file target_5.cif (mmCIF, C-alpha atoms and all ligand atoms)
data_final
loop_
_atom_site.label_atom_id
_atom_site.label_comp_id
_atom_site.auth_asym_id
_atom_site.auth_seq_id
_atom_site.Cartn_x
_atom_site.Cartn_y
_atom_site.Cartn_z
CA MET A 1 72.73 85.53 -12.57
CA PHE A 2 74.11 85.02 -9.12
CA ASP A 3 77.25 85.44 -7.09
CA LEU A 4 78.49 84.48 -3.65
CA ARG A 5 78.33 87.01 -0.86
CA CYS A 6 79.83 87.01 2.62
CA ILE A 7 77.01 87.21 5.17
CA SER A 8 79.18 89.29 7.49
CA CYS A 9 81.32 91.77 5.51
CA GLY A 10 79.43 91.59 2.22
CA ALA A 11 82.48 90.73 0.09
CA GLY A 12 81.44 89.25 -3.25
CA TYR A 13 82.85 86.28 -5.15
CA GLN A 14 82.25 85.03 -8.67
CA SER A 15 80.04 82.00 -9.11
CA ASP A 16 82.85 80.01 -10.75
CA GLU A 17 85.19 80.25 -7.76
CA VAL A 18 85.70 77.25 -5.50
CA ILE A 19 85.30 78.94 -2.16
CA TYR A 20 83.43 78.11 1.03
CA THR A 21 84.13 80.96 3.45
CA CYS A 22 85.08 84.61 3.03
CA ARG A 23 88.75 85.17 2.23
CA ARG A 24 88.59 88.58 3.90
CA CYS A 25 86.92 87.80 7.20
CA GLY A 26 86.42 84.02 7.34
CA HIS A 27 82.64 84.15 7.70
CA LEU A 28 80.03 82.09 5.83
CA LEU A 29 78.96 82.78 2.25
CA GLU A 30 75.56 82.66 0.61
CA VAL A 31 74.29 82.66 -2.93
CA ARG A 32 72.70 85.96 -4.03
CA TYR A 33 70.53 86.14 -7.15
CA ASP A 34 70.31 89.37 -9.09
CA PRO A 35 66.61 90.29 -9.11
CA ASP A 36 67.02 92.24 -12.35
CA THR A 37 68.11 89.18 -14.30
CA ILE A 38 65.77 86.57 -12.87
CA HIS A 39 62.22 86.21 -14.06
CA ILE A 40 59.98 83.76 -12.28
CA SER A 41 56.33 83.12 -12.70
CA ARG A 42 54.34 81.05 -10.29
CA ASP A 43 52.49 79.60 -13.28
CA ALA A 44 55.73 78.27 -14.77
CA TRP A 45 56.56 76.72 -11.41
CA LYS A 46 53.13 75.17 -11.11
CA SER A 47 53.39 73.61 -14.56
CA ARG A 48 56.35 71.51 -13.39
CA PRO A 49 56.22 68.51 -11.05
CA LEU A 50 56.72 69.24 -7.33
CA SER A 51 60.45 68.68 -6.91
CA VAL A 52 63.69 70.52 -6.24
CA TRP A 53 63.98 71.40 -9.94
CA ARG A 54 60.55 73.02 -10.14
CA TYR A 55 62.38 76.02 -8.67
CA ARG A 56 65.36 76.05 -11.02
CA GLU A 57 65.32 79.82 -11.57
CA LEU A 58 66.42 80.18 -7.94
CA LEU A 59 69.07 77.47 -8.13
CA PRO A 60 72.68 77.92 -9.28
CA VAL A 61 72.96 75.01 -11.73
CA SER A 62 72.99 75.95 -15.41
CA GLY A 63 73.08 72.64 -17.31
CA ASP A 64 71.36 69.32 -16.71
CA PRO A 65 71.54 68.49 -13.03
CA VAL A 66 72.71 65.24 -11.47
CA THR A 67 69.35 64.06 -10.24
CA LEU A 68 67.58 61.08 -8.68
CA GLN A 69 64.22 62.91 -8.68
CA GLU A 70 64.57 64.38 -5.21
CA GLY A 71 62.00 66.53 -3.47
CA GLY A 72 58.26 66.36 -4.02
CA THR A 73 57.94 64.82 -0.57
CA PRO A 74 54.58 64.42 1.17
CA LEU A 75 53.19 67.00 3.57
CA TYR A 76 51.11 65.04 6.06
CA HIS A 77 48.43 66.50 8.28
CA LEU A 78 49.10 65.17 11.81
CA LYS A 79 45.50 64.64 12.85
CA ARG A 80 45.88 62.54 15.96
CA ILE A 81 49.01 64.09 17.40
CA GLY A 82 47.57 67.50 16.53
CA ALA A 83 44.34 66.65 18.39
CA GLU A 84 46.35 65.55 21.43
CA LEU A 85 48.25 68.84 21.43
CA GLY A 86 45.21 70.95 20.57
CA ILE A 87 46.75 72.11 17.27
CA LYS A 88 44.38 71.84 14.34
CA ASN A 89 46.92 72.70 11.67
CA LEU A 90 49.94 70.60 12.49
CA TYR A 91 51.85 69.10 9.56
CA ALA A 92 54.92 66.97 8.93
CA LYS A 93 56.97 67.37 5.77
CA HIS A 94 58.41 63.87 5.35
CA GLU A 95 61.91 64.34 3.97
CA GLY A 96 62.60 60.67 4.62
CA MET A 97 60.74 60.08 1.34
CA ASN A 98 63.66 61.37 -0.73
CA PRO A 99 65.70 58.95 -2.91
CA SER A 100 68.31 58.13 -0.25
CA GLY A 101 65.87 58.64 2.61
CA SER A 102 66.77 62.11 3.88
CA PHE A 103 66.60 65.83 3.03
CA LYS A 104 70.30 65.76 2.19
CA ASP A 105 69.37 64.67 -1.34
CA ARG A 106 68.01 68.15 -2.05
CA GLY A 107 71.41 69.57 -1.21
CA MET A 108 73.38 66.93 -3.04
CA THR A 109 71.53 67.16 -6.34
CA VAL A 110 72.66 70.80 -6.43
CA GLY A 111 76.04 70.27 -4.74
CA VAL A 112 77.21 67.41 -6.96
CA SER A 113 75.89 69.20 -10.05
CA MET A 114 77.97 72.22 -9.05
CA ALA A 115 81.03 70.03 -8.43
CA LEU A 116 80.82 68.91 -12.06
CA GLN A 117 80.02 72.41 -13.31
CA LEU A 118 83.13 73.68 -11.50
CA GLY A 119 85.24 70.91 -13.04
CA MET A 120 86.05 69.17 -9.76
CA LYS A 121 87.41 65.63 -9.89
CA SER A 122 86.24 64.29 -6.52
CA VAL A 123 83.84 65.17 -3.71
CA ALA A 124 84.13 64.70 0.05
CA CYS A 125 82.29 65.23 3.32
CA ALA A 126 82.28 64.43 7.00
CA SER A 127 78.98 63.06 8.17
CA THR A 128 76.88 61.78 11.02
CA GLY A 129 75.50 59.45 8.34
CA ASN A 130 72.85 60.91 6.05
CA THR A 131 75.14 63.31 4.25
CA SER A 132 77.49 60.43 3.47
CA ALA A 133 74.67 58.20 2.20
CA SER A 134 73.40 60.97 -0.03
CA LEU A 135 76.82 62.06 -1.30
CA ALA A 136 77.69 58.46 -2.13
CA ALA A 137 74.48 58.07 -4.14
CA TYR A 138 74.79 61.36 -6.02
CA GLY A 139 78.50 60.82 -6.59
CA ALA A 140 77.61 57.52 -8.21
CA ARG A 141 74.86 59.17 -10.25
CA GLY A 142 77.21 61.91 -11.41
CA GLY A 143 80.15 59.58 -12.03
CA ILE A 144 82.46 61.41 -9.62
CA PRO A 145 84.37 59.61 -6.83
CA SER A 146 83.38 60.40 -3.24
CA ILE A 147 85.18 60.16 0.08
CA VAL A 148 83.22 60.23 3.34
CA LEU A 149 84.54 60.55 6.90
CA LEU A 150 82.36 59.15 9.68
CA PRO A 151 82.71 59.29 13.47
CA ALA A 152 83.64 55.68 14.34
CA GLY A 153 80.88 53.71 16.06
CA LYS A 154 78.36 56.57 16.01
CA VAL A 155 76.63 56.22 12.64
CA ALA A 156 73.32 54.39 12.20
CA LEU A 157 73.53 51.10 10.31
CA GLY A 158 71.33 51.97 7.33
CA LYS A 159 73.40 55.04 6.52
CA ILE A 160 76.72 53.15 6.53
CA ALA A 161 75.12 50.47 4.37
CA GLN A 162 74.17 53.09 1.81
CA ALA A 163 77.55 54.83 1.74
CA LEU A 164 79.30 51.49 1.25
CA MET A 165 76.92 50.12 -1.38
CA HIS A 166 76.98 53.30 -3.47
CA GLY A 167 80.75 52.97 -3.64
CA ALA A 168 82.12 55.87 -1.58
CA ARG A 169 85.50 55.55 0.08
CA VAL A 170 84.28 55.26 3.67
CA ILE A 171 86.71 56.14 6.44
CA SER A 172 85.84 55.92 10.13
CA ILE A 173 87.58 58.57 12.21
CA ARG A 174 88.40 57.79 15.82
CA GLY A 175 86.75 60.99 17.01
CA ASN A 176 83.41 62.78 16.83
CA PHE A 177 81.71 64.50 13.90
CA ASP A 178 83.16 67.91 14.67
CA GLN A 179 86.68 66.50 14.49
CA ALA A 180 85.90 64.64 11.26
CA LEU A 181 84.65 67.88 9.71
CA GLU A 182 87.80 69.73 10.67
CA ILE A 183 89.92 67.04 9.02
CA VAL A 184 87.87 66.85 5.84
CA ARG A 185 88.04 70.63 5.41
CA ASP A 186 91.79 70.33 5.60
CA LEU A 187 91.79 67.40 3.16
CA CYS A 188 89.71 69.30 0.61
CA GLU A 189 91.95 72.32 0.82
CA LYS A 190 95.16 70.31 0.52
CA LYS A 191 94.02 67.93 -2.21
CA GLY A 192 91.61 70.06 -4.25
CA MET A 193 88.56 67.94 -3.48
CA TYR A 194 85.13 69.53 -3.45
CA LEU A 195 83.69 69.88 0.06
CA LEU A 196 80.00 69.05 0.33
CA ASN A 197 79.23 69.71 3.96
CA SER A 198 76.72 72.43 4.71
CA VAL A 199 79.44 75.08 4.83
CA ASN A 200 79.11 74.77 1.03
CA PRO A 201 76.65 77.50 0.04
CA TYR A 202 75.42 75.65 -3.06
CA ARG A 203 74.24 72.66 -1.08
CA LEU A 204 71.99 74.84 1.02
CA GLU A 205 70.39 76.20 -2.16
CA GLY A 206 68.88 72.79 -2.81
CA GLN A 207 67.67 72.45 0.74
CA LYS A 208 65.79 75.75 0.72
CA THR A 209 63.27 74.12 -1.64
CA ILE A 210 61.73 72.38 1.39
CA GLY A 211 60.15 75.72 2.23
CA PHE A 212 59.12 76.40 -1.38
CA GLU A 213 57.33 73.07 -1.53
CA VAL A 214 55.58 73.62 1.79
CA VAL A 215 54.15 76.93 0.56
CA ASP A 216 53.01 75.29 -2.68
CA GLN A 217 51.49 72.35 -0.81
CA LEU A 218 49.58 74.70 1.49
CA GLY A 219 48.10 76.42 -1.56
CA GLY A 220 50.36 79.47 -1.45
CA VAL A 221 50.08 80.01 2.30
CA VAL A 222 53.23 80.58 4.35
CA PRO A 223 52.94 78.63 7.63
CA ASP A 224 53.15 80.55 10.89
CA ARG A 225 55.95 78.36 12.17
CA MET A 226 58.44 75.89 10.77
CA VAL A 227 60.13 73.50 13.16
CA LEU A 228 63.35 71.70 12.27
CA PRO A 229 65.85 69.49 14.07
CA VAL A 230 69.19 71.27 14.29
CA GLY A 231 72.67 69.75 14.02
CA ASN A 232 74.99 71.82 11.84
CA ALA A 233 72.05 74.20 11.39
CA GLY A 234 72.36 74.14 7.61
CA ASN A 235 68.81 73.07 6.93
CA ILE A 236 67.01 75.60 9.11
CA SER A 237 69.23 78.36 7.68
CA ALA A 238 68.53 77.18 4.14
CA VAL A 239 64.76 77.17 4.64
CA HIS A 240 64.94 80.65 6.15
CA LYS A 241 66.91 81.93 3.16
CA GLY A 242 64.39 80.43 0.78
CA MET A 243 61.52 82.12 2.57
CA LEU A 244 63.33 85.47 2.36
CA GLU A 245 63.70 84.93 -1.39
CA LEU A 246 60.00 84.18 -1.82
CA GLN A 247 59.33 87.56 -0.24
CA GLU A 248 62.02 89.34 -2.22
CA PHE A 249 60.76 88.00 -5.55
CA GLY A 250 57.13 88.67 -4.66
CA LEU A 251 56.19 84.99 -4.70
CA ALA A 252 54.74 84.74 -1.19
CA ASP A 253 53.95 86.92 1.81
CA GLY A 254 54.92 86.25 5.37
CA MET A 255 57.75 84.60 7.18
CA PRO A 256 57.46 81.54 9.40
CA MET A 257 58.85 81.74 12.91
CA MET A 258 61.89 79.55 12.42
CA THR A 259 62.10 77.15 15.33
CA GLY A 260 65.06 74.88 15.98
CA ILE A 261 65.07 71.76 18.12
CA GLN A 262 68.21 70.09 19.43
CA ALA A 263 68.86 67.02 21.54
CA ALA A 264 69.46 67.89 25.20
CA GLY A 265 73.00 66.48 25.19
CA SER A 266 73.92 68.41 22.09
CA ALA A 267 72.25 71.81 22.29
CA PRO A 268 74.71 74.70 21.82
CA VAL A 269 72.28 76.70 19.65
CA VAL A 270 69.51 76.41 22.24
CA ARG A 271 71.89 77.70 24.86
CA ALA A 272 72.96 80.66 22.73
CA ILE A 273 69.33 81.65 22.16
CA ARG A 274 68.33 81.14 25.80
CA GLU A 275 71.27 83.15 27.13
CA ASN A 276 71.11 85.69 24.31
CA LEU A 277 74.75 85.08 23.39
CA PRO A 278 76.24 86.77 20.31
CA VAL A 279 77.84 83.50 19.18
CA VAL A 280 77.30 79.77 19.64
CA ILE A 281 79.70 78.22 22.14
CA PRO A 282 80.54 74.69 20.94
CA GLU A 283 79.57 71.72 23.09
CA LYS A 284 82.77 69.69 23.46
CA ASN A 285 81.22 66.30 24.11
CA PRO A 286 77.84 66.15 22.36
CA GLU A 287 75.82 63.04 23.16
CA THR A 288 72.40 61.79 22.08
CA ILE A 289 70.68 58.69 20.78
CA ALA A 290 69.74 60.81 17.76
CA THR A 291 73.21 60.36 16.25
CA ALA A 292 72.30 62.42 13.16
CA ILE A 293 72.32 65.56 15.31
CA ARG A 294 75.18 64.59 17.60
CA ILE A 295 77.02 67.77 16.61
CA GLY A 296 78.66 70.15 19.07
CA ALA A 297 80.08 72.90 16.85
CA PRO A 298 77.41 73.83 14.28
CA VAL A 299 79.01 75.15 11.11
CA ASN A 300 76.07 77.44 10.35
CA ALA A 301 75.92 78.98 13.82
CA GLU A 302 75.87 82.53 12.54
CA LYS A 303 73.09 81.83 10.06
CA VAL A 304 70.85 79.98 12.51
CA LEU A 305 71.04 82.67 15.18
CA ARG A 306 69.86 85.18 12.59
CA ALA A 307 67.14 82.88 11.28
CA ILE A 308 65.67 82.34 14.73
CA ARG A 309 66.09 85.88 16.03
CA GLU A 310 64.95 87.73 12.91
CA THR A 311 61.76 85.68 12.60
CA GLY A 312 60.78 85.68 16.27
CA GLY A 313 61.35 81.95 16.37
CA LEU A 314 62.31 79.69 19.24
CA ALA A 315 64.91 77.10 20.15
CA ARG A 316 64.38 74.22 22.53
CA SER A 317 66.04 70.99 23.48
CA VAL A 318 64.33 67.65 23.94
CA THR A 319 65.62 64.65 25.86
CA ASP A 320 66.38 61.32 24.24
CA SER A 321 63.31 59.80 25.88
CA GLU A 322 61.09 62.61 24.54
CA ILE A 323 62.56 61.99 21.09
CA LEU A 324 61.95 58.23 21.25
CA ALA A 325 58.40 58.70 22.56
CA MET A 326 57.59 60.95 19.59
CA GLN A 327 59.25 58.58 17.13
CA ARG A 328 56.89 55.89 18.41
CA ASP A 329 53.85 58.19 18.38
CA LEU A 330 54.49 59.28 14.79
CA ALA A 331 54.83 55.64 13.78
CA ARG A 332 51.81 54.32 15.69
CA MET A 333 49.38 57.23 15.75
CA GLU A 334 50.06 58.60 12.27
CA GLY A 335 51.75 55.80 10.29
CA ILE A 336 54.80 57.97 9.68
CA GLY A 337 58.18 56.28 10.10
CA VAL A 338 61.10 58.59 10.88
CA GLU A 339 64.52 58.30 12.46
CA PRO A 340 65.10 59.71 15.98
CA ALA A 341 66.63 63.07 14.94
CA SER A 342 63.57 63.72 12.80
CA ALA A 343 61.15 63.03 15.63
CA ALA A 344 62.92 65.78 17.58
CA SER A 345 61.06 68.47 15.62
CA VAL A 346 57.61 67.17 16.58
CA ALA A 347 58.80 66.36 20.11
CA GLY A 348 59.86 70.00 20.30
CA VAL A 349 56.34 71.13 19.42
CA ARG A 350 54.93 68.92 22.16
CA LYS A 351 57.32 70.53 24.62
CA LEU A 352 56.53 74.07 23.47
CA VAL A 353 52.79 73.40 23.84
CA ASP A 354 53.34 71.95 27.32
CA GLU A 355 55.23 75.10 28.25
CA GLY A 356 52.51 77.31 26.79
CA ALA A 357 55.20 78.90 24.61
CA ILE A 358 53.27 78.68 21.33
CA ASP A 359 49.79 79.55 20.18
CA THR A 360 47.85 76.41 19.24
CA ASP A 361 46.02 78.34 16.51
CA GLU A 362 49.23 78.54 14.50
CA THR A 363 49.74 76.58 11.31
CA ILE A 364 52.86 74.60 12.14
CA VAL A 365 55.01 72.56 9.77
CA CYS A 366 57.55 70.19 11.29
CA VAL A 367 60.26 68.95 8.99
CA VAL A 368 60.90 65.27 9.65
CA THR A 369 64.25 64.80 8.07
CA GLY A 370 65.06 61.11 7.69
CA HIS A 371 63.39 57.73 7.24
CA LEU A 372 62.70 55.16 9.97
CA LEU A 373 64.83 52.53 8.22
CA LYS A 374 67.97 54.65 8.51
CA ASP A 375 68.47 53.49 12.08
CA PRO A 376 67.02 49.99 12.55
CA GLU A 377 69.17 49.27 15.59
CA THR A 378 67.61 51.99 17.71
CA VAL A 379 64.14 50.79 16.68
CA ILE A 380 64.90 47.18 17.60
CA SER A 381 66.24 48.27 20.98
CA GLN A 382 62.97 50.15 21.67
CA CYS A 383 60.44 47.52 20.56
CA ASP A 384 59.68 44.02 21.82
CA PRO A 385 61.08 41.37 19.46
CA PRO A 386 58.60 39.42 17.30
CA GLU A 387 56.92 36.51 19.08
CA GLU A 388 57.60 33.09 17.60
CA CYS A 389 55.22 30.19 17.28
CA ASP A 390 54.97 26.80 15.56
CA ALA A 391 53.60 26.64 12.02
CA THR A 392 50.10 25.55 13.13
CA ILE A 393 46.87 27.48 13.59
CA GLU A 394 46.64 26.21 17.18
CA SER A 395 50.03 27.58 18.04
CA LEU A 396 49.19 30.91 16.35
CA LEU A 397 45.91 31.24 18.26
CA GLN A 398 47.73 30.52 21.47
CA ALA A 399 50.38 33.14 20.68
CA LEU A 400 47.65 35.68 19.95
CA HIS A 401 45.75 34.71 23.14
CA LEU A 402 42.66 34.08 21.02
C1 LIG B 1 68.00 63.14 9.94
O1 LIG B 1 74.55 63.66 7.82
O2 LIG B 1 74.88 66.52 9.68
O3 LIG B 1 71.04 71.12 11.12
O4 LIG B 1 76.36 64.66 8.47
O5 LIG B 1 70.70 63.61 9.29
O6 LIG B 1 71.29 70.88 8.65
O7 LIG B 1 72.84 69.70 10.19
C2 LIG B 1 72.94 65.24 9.39
C3 LIG B 1 72.06 66.12 9.93
C4 LIG B 1 68.57 66.58 11.04
C5 LIG B 1 70.43 68.16 11.08
N1 LIG B 1 67.99 65.40 10.77
O8 LIG B 1 70.48 69.02 9.97
C6 LIG B 1 75.12 64.57 8.44
C7 LIG B 1 74.34 65.54 9.22
C8 LIG B 1 68.69 64.41 10.20
C9 LIG B 1 70.04 64.61 9.87
C10 LIG B 1 69.89 66.83 10.74
C11 LIG B 1 70.66 65.84 10.17
P1 LIG B 1 71.48 70.25 9.98
#
call {"tool": "encode", "arguments": {"input": "target_5.cif", "output": "structure tokens", "more": "lines below"}}
Ligand code: AN7
result
Amino acid sequence: MFDLRCISCGAGYQSDEVIYTCRRCGHLLEVRYDPDTIHISRDAWKSRPLSVWRYRELLPVSGDPVTLQEGGTPLYHLKRIGAELGIKNLYAKHEGMNPSGSFKDRGMTVGVSMALQLGMKSVACASTGNTSASLAAYGARGGIPSIVLLPAGKVALGKIAQALMHGARVISIRGNFDQALEIVRDLCEKKGMYLLNSVNPYRLEGQKTIGFEVVDQLGGVVPDRMVLPVGNAGNISAVHKGMLELQEFGLADGMPMMTGIQAAGSAPVVRAIRENLPVVIPEKNPETIATAIRIGAPVNAEKVLRAIRETGGLARSVTDSEILAMQRDLARMEGIGVEPASAASVAGVRKLVDEGAIDTDETIVCVVTGHLLKDPETVISQCDPPEECDATIESLLQALHL
């Protein structure tokens, strides 16, 4: 059994209500499970495949979920980058290996399942790209129409391709993501559509399983630090919540220092942490090559400040060139292909080591959130084009300088 609870005033709401923020005070909600009614055994979990649904006792869906077999993503040991940084236990959880190529699928399998459970007739979101790709795919899987609002000209090609091919209504807004989100919230309220941005507490339930899987993949060990790229701050907040639940239900000990990385041109959370502000002051004109995290007014501001402060975590920004350098290093030194926003997490670790801000004996898990192929245009602009030669061995040898 579970209900929805306001994280600020504690007001409670029934699980069958369509509600995103507290009616009393306007703050964010979260799902609370009643420990007296939930029985979990690690053995039962271990008997199921590594996936979002391994953890179904701590998820809100009651019937068969709308699924594309999300989760169960690889946890890679970063041997070479770790050696360069002097960190023996540095890992990357590759969320780009999900069905639509990003961690959003973990949220959407739960979110779209809940939309159907709640009897909704359509689903909608604003998106910097990945949320729209994932919603379109899960909407198709669940047989429910989807509408996605994108900031015109600022979404990576692969993500638009996915949203279009999976059959969403795709609308480009002449404005940025924050404006698109404001409009879609209004649309959902006026037209009774189900909102699947990360203000939706059910979506975050799916995303918390990133942390569950990491603990399982490390043999039951909670890492010292988890590092995530931050846009709307839904994912880092979700992972933090999941870790709190593992403690509460006696399934794991310890809490990772939750560490958020933003792009330098789009870093309101980093500023709030650095200046010890009580709230996040939105960045009016966010800008970065990592368009996935080009977000100035993070919806989950209140949750992320708690996650970072309560766990003794850190927040840092990285420049676009630091992001692109790490994207290349992950690809060439480790064989791991990620999109720019995802490389921000590992670039953040490099920066924190350079600053001497973290202990290199820590076990550190970076979440790399989306696949390399999401944003082919940025890759092409960073790499030399293929060399061309005639279809003869002589011409090939010449091209290879052999
Ligand atoms: C690859 O798709 O917000 O801090 O609309 O696509 O939970 O927002 C994407 C976010 C990190 C940031 N990495 O996660 C969207 C959207 C990638 C992302 C983030 C996003 P949050």
call {"tool": "closest_residue", "arguments": {"input": "target_5.cif", "among": "A:Gln162, A:Thr37, A:Thr21, A:Ser345", "to": "ligand LIG 1 (chain B)", "atoms": "only C-alpha atoms and all ligand atoms"}}
result
A:Ser345
call {"tool": "atom_distance", "arguments": {"input": "target_5.cif", "atom1": "CA of Lys351 in chain A", "atom2": "CA of Gln382 in chain A"}}
result
21.4 Å
call {"tool": "residues_around", "arguments": {"input": "target_5.cif", "residues": "Asn285 in chain A", "least_positions_apart": "5", "cutoff": "9 Å", "atoms": "only C-alpha atoms", "output": "list in words"}}
result
Asn176, Gly265, Ser266, Ile295 and Gly296 of chain A
call {"tool": "write_last_selection", "arguments": {"input": "target_5.cif", "atoms": "C-alpha atoms", "output": "mmCIF file, keeping the file's coordinate frame"}}
result
data_model
loop_
_atom_site.group_PDB
_atom_site.id
_atom_site.type_symbol
_atom_site.label_atom_id
_atom_site.label_comp_id
_atom_site.auth_asym_id
_atom_site.auth_seq_id
_atom_site.Cartn_x
_atom_site.Cartn_y
_atom_site.Cartn_z
ATOM 1 C CA ASN A 176 83.410 62.780 16.830
ATOM 2 C CA GLY A 265 73.000 66.480 25.190
ATOM 3 C CA SER A 266 73.920 68.410 22.090
ATOM 4 C CA ILE A 295 77.020 67.770 16.610
ATOM 5 C CA GLY A 296 78.660 70.150 19.070
#
call {"tool": "residues_near_ligand", "arguments": {"input": "target_5.cif", "ligand": "ligand LIG 1 (chain B)", "cutoff": "6 Å", "atoms": "all atoms listed in the file", "output": "PyMOL selection string"}}
result
chain A and resi 127-131+229-235+292-293+341-342+369-370
call {"tool": "atom_distance", "arguments": {"input": "target_5.cif", "atom1": "CA of Leu314 in chain A", "atom2": "CA of Ser132 in chain A"}}
result
29.2 Å
call {"tool": "closest_residue", "arguments": {"input": "target_5.cif", "among": "A:Val299, A:Val280, A:Ala252, A:Met333", "to": "Ala83 in chain A", "atoms": "all atoms listed in the file"}}
result
A:Met333
call {"tool": "build_atoms", "arguments": {"input": "target_5.cif", "residues": "range 230-245 of chain A", "atoms": "N, CA, C and O atoms", "output": "PDB file, keeping the file's coordinate frame"}}
result
ATOM      1  N   VAL A 230      67.979  70.509  14.596  1.00  0.00           N
ATOM      2  CA  VAL A 230      69.190  71.270  14.290  1.00  0.00           C
ATOM      3  C   VAL A 230      70.445  70.494  14.712  1.00  0.00           C
ATOM      4  O   VAL A 230      70.569  70.057  15.858  1.00  0.00           O
ATOM      5  N   GLY A 231      71.353  70.332  13.742  1.00  0.00           N
ATOM      6  CA  GLY A 231      72.670  69.750  14.020  1.00  0.00           C
ATOM      7  C   GLY A 231      73.711  70.790  13.646  1.00  0.00           C
ATOM      8  O   GLY A 231      74.120  71.616  14.451  1.00  0.00           O
ATOM      9  N   ASN A 232      74.100  70.780  12.354  1.00  0.00           N
ATOM     10  CA  ASN A 232      74.990  71.820  11.840  1.00  0.00           C
ATOM     11  C   ASN A 232      74.237  73.100  11.506  1.00  0.00           C
ATOM     12  O   ASN A 232      74.836  74.088  11.086  1.00  0.00           O
ATOM     13  N   ALA A 233      72.929  73.044  11.600  1.00  0.00           N
ATOM     14  CA  ALA A 233      72.050  74.200  11.390  1.00  0.00           C
ATOM     15  C   ALA A 233      72.031  74.670   9.932  1.00  0.00           C
ATOM     16  O   ALA A 233      71.637  75.796   9.643  1.00  0.00           O
ATOM     17  N   GLY A 234      72.417  73.806   9.025  1.00  0.00           N
ATOM     18  CA  GLY A 234      72.360  74.140   7.610  1.00  0.00           C
ATOM     19  C   GLY A 234      70.933  74.192   7.102  1.00  0.00           C
ATOM     20  O   GLY A 234      70.536  75.110   6.380  1.00  0.00           O
ATOM     21  N   ASN A 235      70.150  73.202   7.500  1.00  0.00           N
ATOM     22  CA  ASN A 235      68.810  73.070   6.930  1.00  0.00           C
ATOM     23  C   ASN A 235      67.891  74.207   7.368  1.00  0.00           C
ATOM     24  O   ASN A 235      67.195  74.801   6.554  1.00  0.00           O
ATOM     25  N   ILE A 236      67.893  74.527   8.635  1.00  0.00           N
ATOM     26  CA  ILE A 236      67.010  75.600   9.110  1.00  0.00           C
ATOM     27  C   ILE A 236      67.435  76.933   8.483  1.00  0.00           C
ATOM     28  O   ILE A 236      66.592  77.751   8.096  1.00  0.00           O
ATOM     29  N   SER A 237      68.741  77.128   8.307  1.00  0.00           N
ATOM     30  CA  SER A 237      69.230  78.360   7.680  1.00  0.00           C
ATOM     31  C   SER A 237      68.829  78.407   6.212  1.00  0.00           C
ATOM     32  O   SER A 237      68.483  79.470   5.685  1.00  0.00           O
ATOM     33  N   ALA A 238      68.885  77.250   5.564  1.00  0.00           N
ATOM     34  CA  ALA A 238      68.530  77.180   4.140  1.00  0.00           C
ATOM     35  C   ALA A 238      67.048  77.507   3.943  1.00  0.00           C
ATOM     36  O   ALA A 238      66.684  78.280   3.052  1.00  0.00           O
ATOM     37  N   VAL A 239      66.205  76.927   4.777  1.00  0.00           N
ATOM     38  CA  VAL A 239      64.760  77.170   4.640  1.00  0.00           C
ATOM     39  C   VAL A 239      64.455  78.644   4.895  1.00  0.00           C
ATOM     40  O   VAL A 239      63.663  79.267   4.179  1.00  0.00           O
ATOM     41  N   HIS A 240      65.122  79.224   5.876  1.00  0.00           N
ATOM     42  CA  HIS A 240      64.940  80.650   6.150  1.00  0.00           C
ATOM     43  C   HIS A 240      65.333  81.492   4.929  1.00  0.00           C
ATOM     44  O   HIS A 240      64.592  82.394   4.510  1.00  0.00           O
ATOM     45  N   LYS A 241      66.467  81.180   4.340  1.00  0.00           N
ATOM     46  CA  LYS A 241      66.910  81.930   3.160  1.00  0.00           C
ATOM     47  C   LYS A 241      65.892  81.817   2.026  1.00  0.00           C
ATOM     48  O   LYS A 241      65.564  82.802   1.353  1.00  0.00           O
ATOM     49  N   GLY A 242      65.386  80.622   1.835  1.00  0.00           N
ATOM     50  CA  GLY A 242      64.390  80.430   0.780  1.00  0.00           C
ATOM     51  C   GLY A 242      63.147  81.269   1.016  1.00  0.00           C
ATOM     52  O   GLY A 242      62.606  81.881   0.082  1.00  0.00           O
ATOM     53  N   MET A 243      62.720  81.344   2.253  1.00  0.00           N
ATOM     54  CA  MET A 243      61.520  82.120   2.570  1.00  0.00           C
ATOM     55  C   MET A 243      61.768  83.612   2.325  1.00  0.00           C
ATOM     56  O   MET A 243      60.883  84.323   1.853  1.00  0.00           O
ATOM     57  N   LEU A 244      62.976  84.067   2.651  1.00  0.00           N
ATOM     58  CA  LEU A 244      63.330  85.470   2.360  1.00  0.00           C
ATOM     59  C   LEU A 244      63.272  85.726   0.853  1.00  0.00           C
ATOM     60  O   LEU A 244      62.800  86.782   0.405  1.00  0.00           O
ATOM     61  N   GLU A 245      63.724  84.759   0.074  1.00  0.00           N
ATOM     62  CA  GLU A 245      63.700  84.930  -1.390  1.00  0.00           C
ATOM     63  C   GLU A 245      62.269  84.963  -1.926  1.00  0.00           C
ATOM     64  O   GLU A 245      61.965  85.733  -2.845  1.00  0.00           O
TER      65      GLU A 245
END
